[in-house]
>>> print(open('input_27.csv').read())   # CSV, C-alpha atoms
chain,number,residue,atom,x,y,z
A,84,MET,CA,150.6,53.1,21.2
A,85,ARG,CA,147.5,53.4,23.3
A,86,SER,CA,149.4,55.7,25.6
A,87,PHE,CA,150.3,57.9,22.7
A,88,PHE,CA,146.7,58.2,21.5
A,89,ALA,CA,145.4,58.9,25.0
A,90,GLN,CA,147.9,61.8,25.3
A,91,PHE,CA,146.8,63.0,21.9
A,92,LYS,CA,143.1,63.0,23.0
A,93,ILE,CA,144.0,65.0,26.1
A,94,PHE,CA,146.0,67.4,24.0
A,95,GLY,CA,143.1,67.7,21.5
A,96,ALA,CA,140.6,68.3,24.2
A,97,VAL,CA,142.8,71.0,25.8
A,98,LEU,CA,143.3,72.6,22.4
A,99,LEU,CA,139.5,72.6,21.7
A,100,VAL,CA,138.8,74.3,25.0
A,101,LEU,CA,141.4,76.9,24.4
A,102,SER,CA,140.1,77.6,20.9
A,103,THR,CA,136.6,78.0,22.2
A,104,VAL,CA,137.7,80.4,24.9
A,105,ILE,CA,139.8,82.4,22.3
A,106,VAL,CA,136.9,82.6,19.9
A,107,TYR,CA,134.5,83.7,22.7
A,108,LEU,CA,136.9,86.4,23.8
A,109,PHE,CA,137.3,87.7,20.2
A,110,TYR,CA,133.6,87.6,19.6
A,111,ASN,CA,132.9,89.7,22.8
A,112,ALA,CA,135.7,92.1,21.9
A,113,LEU,CA,134.2,92.7,18.5
A,114,GLN,CA,130.6,93.2,19.8
A,115,PRO,CA,129.6,96.9,20.0
A,116,LYS,CA,129.2,98.1,23.6
A,117,GLU,CA,125.7,99.0,24.6
A,118,ILE,CA,125.5,102.7,25.3
A,119,LEU,CA,122.4,104.5,26.7
A,120,THR,CA,121.1,107.6,25.0
A,121,ILE,CA,121.8,110.9,26.7
A,122,TYR,CA,118.4,112.7,26.4
A,123,GLN,CA,118.2,116.3,25.6
A,124,PRO,CA,115.0,118.5,25.7
A,125,SER,CA,114.8,118.6,21.9
A,126,MET,CA,114.4,114.8,21.9
A,127,VAL,CA,111.4,114.7,24.2
A,128,ASN,CA,107.7,115.3,23.5
A,129,PRO,CA,107.4,119.1,23.5
A,130,GLU,CA,104.3,118.9,25.8
A,131,LEU,CA,106.7,117.7,28.5
A,132,VAL,CA,109.3,120.4,28.0
A,133,ASP,CA,109.3,124.0,29.1
A,134,SER,CA,109.1,126.3,26.1
A,135,THR,CA,112.5,127.9,26.9
A,136,LEU,CA,114.2,124.5,26.5
A,137,GLN,CA,112.3,122.8,23.7
A,138,TYR,CA,115.1,123.3,21.2
A,139,LYS,CA,118.0,122.6,23.5
A,140,LYS,CA,120.2,119.9,21.9
A,141,LYS,CA,123.0,119.3,24.4
A,142,TYR,CA,124.4,119.8,27.9
A,143,HIS,CA,121.0,119.3,29.6
A,144,THR,CA,121.4,118.3,33.3
A,145,ILE,CA,119.2,118.1,36.4
A,146,ALA,CA,119.2,121.5,38.2
A,147,ASP,CA,120.4,121.9,41.8
A,148,PHE,CA,117.6,121.5,44.4
A,149,SER,CA,116.9,121.7,48.1
A,150,LEU,CA,113.9,119.8,49.4
A,151,VAL,CA,112.8,118.0,52.6
A,152,ASN,CA,112.3,114.3,52.9
A,153,GLN,CA,110.0,112.0,54.9
A,154,ASN,CA,112.3,112.4,58.0
A,155,GLY,CA,112.3,116.2,57.9
A,156,GLU,CA,115.9,116.2,56.6
A,157,THR,CA,117.0,118.6,53.8
A,158,VAL,CA,117.9,116.7,50.6
A,159,THR,CA,120.0,118.4,47.9
A,160,GLN,CA,121.8,117.4,44.8
A,161,ASN,CA,124.8,116.6,47.1
A,162,ASP,CA,123.0,113.6,48.5
A,163,TYR,CA,123.0,112.2,45.0
A,164,LYS,CA,126.5,113.2,44.1
A,165,ASP,CA,128.3,110.3,42.2
A,166,LYS,CA,125.0,108.3,42.3
A,167,ILE,CA,122.8,106.8,39.6
A,168,TYR,CA,119.2,107.4,40.6
A,169,VAL,CA,115.6,106.8,39.5
A,170,ALA,CA,113.3,109.8,39.9
A,171,ASP,CA,109.5,110.2,39.6
A,172,PHE,CA,106.6,112.5,40.6
A,173,PHE,CA,103.7,111.5,42.7
A,174,PHE,CA,101.3,112.5,45.5
A,175,THR,CA,100.3,110.5,48.5
A,176,THR,CA,96.5,110.9,48.0
A,177,CYS,CA,96.6,110.0,44.3
A,178,PRO,CA,94.0,107.2,43.7
A,179,THR,CA,95.0,106.2,40.1
A,180,ILE,CA,98.5,105.7,38.8
A,181,CYS,CA,100.6,106.6,41.9
A,182,PRO,CA,99.9,103.4,43.9
A,183,ILE,CA,101.0,101.3,40.9
A,184,MET,CA,104.1,103.5,40.4
A,185,THR,CA,105.0,103.3,44.1
A,186,LYS,CA,104.6,99.6,44.2
A,187,ASN,CA,106.9,99.3,41.2
A,188,MET,CA,109.4,101.7,42.7
A,189,ALA,CA,109.4,99.5,45.8
A,190,GLU,CA,110.3,96.6,43.6
A,191,ILE,CA,113.2,98.6,42.2
A,192,GLN,CA,114.2,99.4,45.7
A,193,GLU,CA,114.4,95.7,46.5
A,194,ARG,CA,116.5,95.0,43.4
A,195,ILE,CA,119.0,97.7,44.2
A,196,LYS,CA,119.2,97.3,48.0
A,197,ASN,CA,122.8,96.2,47.8
A,198,GLU,CA,123.9,98.8,45.2
A,199,LYS,CA,125.8,101.6,47.1
A,200,ASP,CA,125.8,103.9,44.1
A,201,VAL,CA,122.1,103.6,43.1
A,202,MET,CA,119.2,105.5,44.8
A,203,LEU,CA,115.6,106.6,44.3
A,204,LEU,CA,114.0,110.0,44.5
A,205,SER,CA,110.2,110.7,44.5
A,206,HIS,CA,108.9,114.3,44.4
A,207,SER,CA,105.5,115.2,45.7
A,208,VAL,CA,103.5,117.3,43.2
A,209,THR,CA,101.1,118.5,46.0
A,210,PRO,CA,103.6,119.7,48.6
A,211,GLN,CA,101.0,121.8,50.4
A,212,ILE,CA,99.2,118.5,51.2
A,213,ASP,CA,102.2,116.2,51.5
A,214,SER,CA,103.8,117.4,54.7
A,215,VAL,CA,106.7,115.6,56.3
A,216,ALA,CA,104.3,113.8,58.6
A,217,GLN,CA,102.2,112.7,55.6
A,218,LEU,CA,105.2,111.5,53.7
A,219,LYS,CA,106.5,109.6,56.7
A,220,LYS,CA,103.2,107.8,57.1
A,221,TYR,CA,103.2,107.0,53.4
A,222,ALA,CA,106.8,105.8,53.5
A,223,ILE,CA,106.2,103.4,56.4
A,224,ASP,CA,103.1,102.1,54.7
A,225,LYS,CA,104.9,101.5,51.4
A,226,GLY,CA,108.1,100.0,52.9
A,227,VAL,CA,110.4,102.8,52.0
A,228,ASP,CA,114.1,102.3,53.0
A,229,ASP,CA,115.2,105.7,54.1
A,230,SER,CA,118.8,104.9,53.1
A,231,LYS,CA,117.8,104.3,49.5
A,232,TRP,CA,114.7,106.3,48.8
A,233,ASN,CA,113.8,109.9,49.5
A,234,LEU,CA,110.2,111.1,49.3
A,235,VAL,CA,110.5,114.9,49.1
A,236,THR,CA,108.3,117.9,49.5
A,237,GLY,CA,109.0,121.6,49.6
A,238,ASP,CA,108.6,124.8,47.6
A,239,LYS,CA,105.9,124.1,44.9
A,240,LYS,CA,107.5,126.3,42.3
A,241,GLN,CA,110.9,124.6,42.8
A,242,ILE,CA,109.3,121.2,42.3
A,243,TYR,CA,107.3,122.3,39.3
A,244,ASP,CA,110.5,123.8,37.7
A,245,LEU,CA,112.3,120.6,38.3
A,246,ALA,CA,109.5,118.6,36.7
A,247,ARG,CA,109.2,120.9,33.6
A,248,LYS,CA,112.8,122.1,33.2
A,249,SER,CA,115.0,119.3,34.5
A,250,TYR,CA,113.2,115.9,34.4
A,251,LEU,CA,110.9,116.8,31.5
A,252,ALA,CA,108.1,114.9,33.2
A,253,VAL,CA,104.9,117.0,33.3
A,254,LYS,CA,102.4,118.2,30.7
A,255,THR,CA,101.5,121.7,32.0
A,256,ASP,CA,103.0,124.5,34.1
A,257,GLY,CA,100.0,124.4,36.4
A,258,ASP,CA,97.3,126.9,37.2
A,259,GLY,CA,98.0,127.4,40.9
A,260,GLY,CA,95.4,124.9,42.2
A,261,PRO,CA,96.2,122.2,44.6
A,262,TYR,CA,96.1,119.4,42.0
A,263,ASP,CA,97.1,121.4,38.9
A,264,MET,CA,100.2,119.7,37.7
A,265,ILE,CA,99.4,116.9,35.3
A,266,HIS,CA,102.4,114.6,36.0
A,267,THR,CA,103.3,111.6,33.9
A,268,GLU,CA,103.7,108.0,34.9
A,269,ASN,CA,107.4,108.2,33.9
A,270,PHE,CA,110.3,106.9,35.9
A,271,ILE,CA,113.5,108.8,34.9
A,272,LEU,CA,116.9,107.3,35.0
A,273,VAL,CA,119.6,109.8,35.9
A,274,ASP,CA,123.4,109.2,35.7
A,275,LYS,CA,126.2,110.3,37.9
A,276,GLU,CA,126.6,113.5,35.8
A,277,LYS,CA,123.0,114.4,36.4
A,278,ARG,CA,122.0,113.6,32.8
A,279,ILE,CA,118.8,111.8,31.8
A,280,ARG,CA,119.5,108.3,30.3
A,281,GLY,CA,116.0,106.9,30.0
A,282,PHE,CA,112.2,107.3,30.4
A,283,TYR,CA,110.0,104.4,31.5
A,284,ASP,CA,106.3,103.9,32.1
A,285,GLY,CA,106.2,103.3,35.9
A,286,THR,CA,102.9,101.5,35.7
A,287,LYS,CA,104.1,98.8,33.4
A,288,GLN,CA,106.1,95.8,34.6
A,289,GLU,CA,107.9,95.4,31.2
A,290,ASP,CA,109.1,99.0,31.5
A,291,VAL,CA,110.4,98.4,35.0
A,292,GLU,CA,112.4,95.4,33.7
A,293,ALA,CA,113.7,97.6,30.8
A,294,LEU,CA,114.8,100.2,33.4
A,295,LEU,CA,116.6,97.6,35.5
A,296,ALA,CA,118.3,96.3,32.3
A,297,ASP,CA,119.4,99.8,31.3
A,298,LEU,CA,120.6,100.3,34.9
A,299,GLU,CA,123.0,97.4,34.5
A,300,ILE,CA,124.3,98.9,31.2
A,301,LEU,CA,124.8,102.3,32.9
A,302,LYS,CA,126.6,100.7,35.9
A,303,SER,CA,128.9,98.8,33.5
A,304,SER,CA,129.8,102.0,31.7
A,305,TYR,CA,131.3,103.4,34.9
A,306,ARG,CA,133.2,100.2,35.7
A,307,GLU,CA,134.8,100.3,32.3
A,308,ASN,CA,136.0,103.9,32.7
>>> encode(input="input_27.csv", output="structure tokens")
Amino acid sequence: MRSFFAQFKIFGAVLLVLSTVIVYLFYNALQPKEILTIYQPSMVNPELVDSTLQYKKKYHTIADFSLVNQNGETVTQNDYKDKIYVADFFFTTCPTICPIMTKNMAEIQERIKNEKDVMLLSHSVTPQIDSVAQLKKYAIDKGVDDSKWNLVTGDKKQIYDLARKSYLAVKTDGDGGPYDMIHTENFILVDKEKRIRGFYDGTKQEDVEALLADLEILKSSYREN
């Protein structure tokens, strides 16, 4: 009799575990998948969008580019092909928000160091000042990993067009002066199709954590496809 009840307890325990697993799987299957917004110019503050794009509601992507990084190497959109990346705009002599943004970008770099399909891209808004040598010095000082993070300089008009017309990240077109572009503190999350999937305040730790959480969602969406 005791042997019978002992076997019944084992059976009951196994049944309980199986039931728990089945309920958990059904619960997960019924939960809606988290999907990040695909941002279009019409969804962004008009101050940050070129007037020619303010009413664009679909198909917005980051334009092709050709710039030079801290090692004097040409960097193009092909270097980010099939990559998720985080972009921002900065300048090496900035005394205010840029040091905080760079510190937080370095934290992101540490968190993605083993992610082969995730990279970083920082554009200088003072390319006439931020030479390759200046960027290299800055990169060494800030602990930039060349394999993960490009600091780029180049043609000023191209960088400004990228900021205004692609990344939707600056407040004016500029007046031609050396410090004329009023860039934002935004980090921009870009997917493998070159679409914007999120904007984050690069000076705030909570926004950095939100970016990293959204990055996981975005990475999961590619694993599921």
>>> closest_residue(input="input_27.csv", among="A:Asp224, A:Glu268, A:Asp274, A:Glu156", to="Tyr122 of chain A", atoms="all atoms listed in the file")
A:Asp274
>>> atom_distance(input="input_27.csv", atom1="atom CA of Tyr168 of chain A", atom2="atom CA of Ala216 of chain A")
24.2 Å
>>> closest_residue(input="input_27.csv", among="A:Ile212, A:Val273, A:Leu119, A:Ile279", to="Lys141 of chain A", atoms="all atoms listed in the file")
A:Ile279
>>> atom_distance(input="input_27.csv", atom1="atom CA of Asp229 of chain A", atom2="atom CA of Pro182 of chain A")
18.5 Å
>>> residues_around(input="input_27.csv", residues="Thr135 of chain A", least_positions_apart="5", cutoff="12 Å", atoms="all atoms listed in the file", output="ChimeraX atom specification")
/A:124-125,129,244,247-249
>>> residues_around(input="input_27.csv", residues="segment 201-209 of chain A", least_positions_apart="5", cutoff="6 Å", atoms="all atoms listed in the file", output="count of residues only")
15
>>> closest_residue(input="input_27.csv", among="A:Lys287, A:Leu272, A:Arg278, A:Leu245", to="Ser149 of chain A", atoms="only C-alpha atoms")
A:Leu245
>>> residues_around(input="input_27.csv", residues="Val291 of chain A", least_positions_apart="2", cutoff="10 Å", atoms="all atoms listed in the file", output="list of chain:residue names")
A:Met184, A:Asn187, A:Met188, A:Glu190, A:Ile191, A:Phe270, A:Tyr283, A:Asp284, A:Gly285, A:Thr286, A:Lys287, A:Gln288, A:Glu289, A:Ala293, A:Leu294, A:Leu295, A:Ala296, A:Asp297
>>> atom_distance(input="input_27.csv", atom1="atom CA of Thr144 of chain A", atom2="atom CA of Ile180 of chain A")
26.7 Å
>>> residues_around(input="input_27.csv", residues="Ala246 of chain A", least_positions_apart="2", cutoff="10 Å", atoms="only C-alpha atoms", output="ChimeraX atom specification")
/A:131-133,145,171-172,206,208,240-244,248-256,264,266-267
>>> closest_residue(input="input_27.csv", among="A:Ser214, A:Gln123, A:Asn269, A:Asn197", to="Tyr142 of chain A", atoms="all atoms listed in the file")
A:Gln123
>>> residues_around(input="input_27.csv", residues="Gly155 of chain A", least_positions_apart="4", cutoff="9 Å", atoms="all atoms listed in the file", output="compact mmCIF listing (two decimals) with C-alpha atoms, keeping the file's coordinate frame")
# COMPACT_ATOMS: atom_id res chain seq x y z
CA VAL A 151 112.80 118.00 52.60
CA VAL A 215 106.70 115.60 56.30
CA ALA A 216 104.30 113.80 58.60
CA LYS A 219 106.50 109.60 56.70
>>> closest_residue(input="input_27.csv", among="A:Ser230, A:Tyr221, A:Arg194, A:Met126", to="Glu292 of chain A", atoms="all atoms listed in the file")
A:Arg194
